[in-house]
Amino acid sequence: MKSAEIRETYLSFFEERGHRRMASASLVPPPEDTSTLLTVAGMQPFKPYFLGRETPPASRLTSSQTCFRTPDIEEVGKTLRHLTFFEMLGNFSFGDYFKEEAIPFGWELSTQGLGLDPELIWITVFGGDEELGLGPDEEAIEIWRGLGVPDERIVKLPRSENFWQAGPTGPCGPCSEMYLDRGLDFGSEDDRPGDDSDRFLEYWNHVFMSYDQGDDGTLTPLPQKNIDTGMGLERMAAILQGVDSVYDTDLFRPLIGLAEERSGLTYGADESVTRAMRIISDHSRGMTFLLAAGVVPSNEDRGYVLRRVMRRAIQQGRALGFEGSWLGDFTDRTIEMMGDAHPQVAAERERIDRWVRAEEESFGRTLDRGTALLEEIVEKALADSNSWISAEDAFKLHDTFGFPYDLTREMVSERGLSVDDQGFEELMEQQRTRARSRAGVGGGDDRHEQILAFAGAGPETEFVGYEFLRSETGVGALEPVNGRALIKLEQSPFYAEGGGQVADSGRLVWEGGEARIADVIRVGDDQVLEIEPSGADANWPPAGATVEALVDRTARFRTMRNHTATHLLHAALRERLGTHVHQAGSSVRPDKLRFDFSHGESLGPEDIAWVEDRINGWIKDGEPVRWMVMEKPEAEKLGAMALFGEKYGDLVRVVEVENVSRELCGGTHVANTAEIGIFKIVSESSSAANVRRIEAITGPDAIDWFRERADELTEVGHLLGDGRDPVRAARDAAEKLSAASEGAKQAARRQQGQLASDLAGSVEEIGGLEVVVAEVPLGNPKEILQIAKQVQASSGATAVLAGADGESGKVGMVALLTAEHAGRGSARDLIAAAAPKIGGGGGGSDEMAQAGGKNADGVADALAAAREYLGSL
């Protein structure tokens, strides 16, 4: 059975049994999920439903979720089944069915839908735990028995194997796993599920979320029991396609075949070749999906994960003898294989290709240099009969030459050596300590939990801020906290921070009191206000009271201008630079906007001017801005852009700027681009590796900026003699400055020519050869070298000159030897002997060498050292 058929069989089976099919969520978790850098489990996108913080779209769901895990990355390629990127098939119940239906579903799909031999299926169940106060999961055992599984194929395992916990506290419960017995060819008669052998292959885990574990370890039954199951697509493909390894399935074979074609080598013929091809095939899949999810290569967080798999793949390709640019062929093949099941990957082909080519080119240079240096270090270690390389050598490769430490460790292990991990980490920590910001944060987790608890204590607030900036409404709940108060309104016109847009400011007014809005916190589809007293005393409205909620109109409209301008900026950048540009972050405030976007190069003045002109053109055109709510598939058909890492529900809000762009966006916007007034980019810089940042202003802020520049320009004109036409005055001044500069250069050349002529007449004999050893009134080695060449050309003698710059204090020295002198000595050795006298160092060749320093008082001693060296030849 092909992998696509397995995936469809699974999803269709559960659809027919009342489950709603969900598309795979992004590999980048939504911003509110900070538990992991990447999606690591099939249930992760549904955590808010399991935790009861959000309502699921249906009580039964099923999905094939792409996942990425790195803990076993160094095992990839060595074993038959370790992967970084994989698909997890799953079915989920939120307070609907439990064990009595979940277990029969697993049995029916395994034996009938997928055709597994029921006599080869073994089961593991939770065997109980004294610390938890739980006995064996007899309920699950009885259900398996009722399906015909004999006791000898039901294995009880401890808490470490068959009890699921998301963390030290929170939802948890026993689990039951399904294993396939692959026979004695893969193990011994005594092997059992859970043993460290390949005979029993675990293919489906059923988690029965039954309890909430408290801080003290006690278990409380959950009011709503949930089901979370996971079946690895790659592992099931290996079973149903009758192969020993996931790498022999149709999910990998086309990539391995491409590696064979590229290298001329045969998969399976050699251990190192097999491992390299497995790594390339796994990492090609992973990098394709990470890039499609909006991740870009960098040295931090998920960008580092991507860079690591890309560089491991590149290094393994080099080991196989791949030449030229080749990595893009593997990502293209991945898209061909998986684009039908995951159309978001095919849609990002251009972006994927761009980043793959850029990383391959940049790391190729690092790999060449680093591999050569590492080879020298390894050879020295072997020659010295060491079994390891030093932390200092590994750190130098990493810090100076950009060679990844994990690659160093992996490559030296292939030569039978190890690295001093602890020593390397100590050096890294020393570096981090030097560079670490002194800023500190605290209390965030406690506040977050407090707000979540408060939000759940009252009815959900209705947001009316798209239509109204004022609302007369009731107080749903209130809780004083440290001189401030948390409050929930029945209706709120205040926008809660989200999607890059800051929260609204404003006031609450009620009979006998008033409070300022300090913050508006988004909690799923709900919100909580944090308020502070307007006067000296804290005076809060009682629960149930009527209040007038007033948004700060000026701040809101400034923010709206900037938010719509952000959409225009995104569209203009994609038009100018290419469709690989995607938003990587933003901050929309009343005073300015900040927009981060994926792009590997800085923008030139022409790019910035073009983008500004394009945006101001759209503003002048007065394009209508409208928003509508629709189902997500309909929005995608209209070409609406979604932001990477954002989580969207079934219904989405689409903001359309007519003739410009459509984006999924929950923010507030002007009704027409003309309301923006004017747009100006004030800075463009690097935000992170392969991410650029633009800061811009609009409306009155931009007008003020231009007024200030106009005033400054007028002042410059006055200083240059013509306040009415400062540009003409600047041109005149530039011409005069250029003429003066050229005159100064000519005078300097004449002065240096005279100096060289005078020095050429002061030839002396040292050691039987003619030399000029003299002090000059210069400190720049390049300028001194020019004089030395003139001296030698005029006199035919060796020239050794040194001097100091009276203004900067810099000291320079040059030795220019004749061929006869160079045959007996070396300019490089002369400089090595003399340069310490001027507090510096240098280098060069036998004929010419130079040095720089800071000790002007040492010039005479340096020249004396030069004389001594020449006299010894």
# chains A, B, ... in the order shown; residues from 1 in each chain; ligands from 1
$ select_by_dssp --residues "segment 27-164 of chain A" --states "strand (DSSP E)" --output "count of residues only"
31
$ closest_atom_pairs --of "segment 817-857 of chain A" --to "segment 804-812 of chain A" --cutoff "10 Å" --atoms "only C-alpha atoms" --output "tab-separated table"
residue	atom	partner	partner_atom	distance
A:Ala835	CA	A:Gly812	CA	8.9
A:Ile838	CA	A:Val811	CA	6.9
A:Gly839	CA	A:Val811	CA	8.8
A:Gly840	CA	A:Val811	CA	8.7
A:Gly841	CA	A:Gly812	CA	9.9
A:Gly842	CA	A:Gly812	CA	9.8
A:Gln850	CA	A:Gly812	CA	7.5
A:Ala851	CA	A:Gly812	CA	5.8
A:Gly852	CA	A:Gly812	CA	4.6
A:Gly853	CA	A:Val811	CA	4.9
A:Lys854	CA	A:Lys810	CA	5.3
A:Asn855	CA	A:Val811	CA	6.7
A:Ala856	CA	A:Ala804	CA	5.6
A:Asp857	CA	A:Ala804	CA	8.8
$ closest_residue --among "A:Ile154, A:Cys67, A:Ala381, A:Ala237" --to "Ile141 of chain A" --atoms "only C-alpha atoms"
A:Ile154
$ residues_around --residues "segment 211-224 of chain A" --least-positions-apart "5" --cutoff "9 Å" --atoms "only C-alpha atoms" --output "PyMOL selection string"
chain A and resi 94-96+131-133+165+168-173
$ write_last_selection --atoms "N, CA and C atoms" --output "PDB file, in the first residue's frame"
ATOM      1  N   PHE A  94     -12.694  15.030  22.197  1.00  0.00           N
ATOM      2  CA  PHE A  94     -12.726  16.017  23.278  1.00  0.00           C
ATOM      3  C   PHE A  94     -14.049  15.849  24.031  1.00  0.00           C
ATOM      4  N   GLY A  95     -14.005  14.983  25.050  1.00  0.00           N
ATOM      5  CA  GLY A  95     -15.191  14.740  25.850  1.00  0.00           C
ATOM      6  C   GLY A  95     -16.270  13.961  25.132  1.00  0.00           C
ATOM      7  N   ASP A  96     -15.944  13.312  24.043  1.00  0.00           N
ATOM      8  CA  ASP A  96     -16.926  12.538  23.271  1.00  0.00           C
ATOM      9  C   ASP A  96     -16.783  11.064  23.634  1.00  0.00           C
ATOM     10  N   GLU A 131       3.377   5.193  43.289  1.00  0.00           N
ATOM     11  CA  GLU A 131       3.494   6.621  43.587  1.00  0.00           C
ATOM     12  C   GLU A 131       2.251   7.376  43.133  1.00  0.00           C
ATOM     13  N   LEU A 132       1.709   6.977  41.989  1.00  0.00           N
ATOM     14  CA  LEU A 132       0.494   7.613  41.492  1.00  0.00           C
ATOM     15  C   LEU A 132      -0.761   7.086  42.189  1.00  0.00           C
ATOM     16  N   GLY A 133      -0.623   5.962  42.854  1.00  0.00           N
ATOM     17  CA  GLY A 133      -1.771   5.356  43.504  1.00  0.00           C
ATOM     18  C   GLY A 133      -2.731   4.707  42.531  1.00  0.00           C
ATOM     19  N   GLN A 165       2.304  12.086  30.086  1.00  0.00           N
ATOM     20  CA  GLN A 165       2.234  13.359  30.794  1.00  0.00           C
ATOM     21  C   GLN A 165       2.807  14.452  29.903  1.00  0.00           C
ATOM     22  N   PRO A 168       5.258  18.096  34.310  1.00  0.00           N
ATOM     23  CA  PRO A 168       5.148  17.663  35.711  1.00  0.00           C
ATOM     24  C   PRO A 168       3.760  17.863  36.290  1.00  0.00           C
ATOM     25  N   THR A 169       2.981  18.784  35.696  1.00  0.00           N
ATOM     26  CA  THR A 169       1.599  18.998  36.126  1.00  0.00           C
ATOM     27  C   THR A 169       0.717  19.071  34.900  1.00  0.00           C
ATOM     28  N   GLY A 170      -0.602  18.963  35.125  1.00  0.00           N
ATOM     29  CA  GLY A 170      -1.543  19.111  34.021  1.00  0.00           C
ATOM     30  C   GLY A 170      -2.156  17.797  33.582  1.00  0.00           C
ATOM     31  N   PRO A 171      -2.871  17.819  32.420  1.00  0.00           N
ATOM     32  CA  PRO A 171      -3.564  16.621  31.937  1.00  0.00           C
ATOM     33  C   PRO A 171      -2.602  15.450  31.721  1.00  0.00           C
ATOM     34  N   CYS A 172      -3.050  14.250  32.060  1.00  0.00           N
ATOM     35  CA  CYS A 172      -2.224  13.061  31.917  1.00  0.00           C
ATOM     36  C   CYS A 172      -3.140  11.832  31.920  1.00  0.00           C
ATOM     37  N   GLY A 173      -2.540  10.685  31.693  1.00  0.00           N
ATOM     38  CA  GLY A 173      -3.339   9.465  31.730  1.00  0.00           C
ATOM     39  C   GLY A 173      -2.590   8.281  31.175  1.00  0.00           C
TER      40      GLY A 173
END
$ residues_around --residues "Ile487 of chain A" --least-positions-apart "4" --cutoff "6 Å" --atoms "only C-alpha atoms" --output "ChimeraX atom specification"
/A:477-478,529
$ closest_residue --among "A:Gly52, A:Gly498, A:Gly666, A:Gly512" --to "Ser587 of chain A" --atoms "only C-alpha atoms"
A:Gly498
$ closest_residue --among "A:Ile279, A:His570, A:Val773, A:Thr818" --to "Ala865 of chain A" --atoms "only C-alpha atoms"
A:Val773
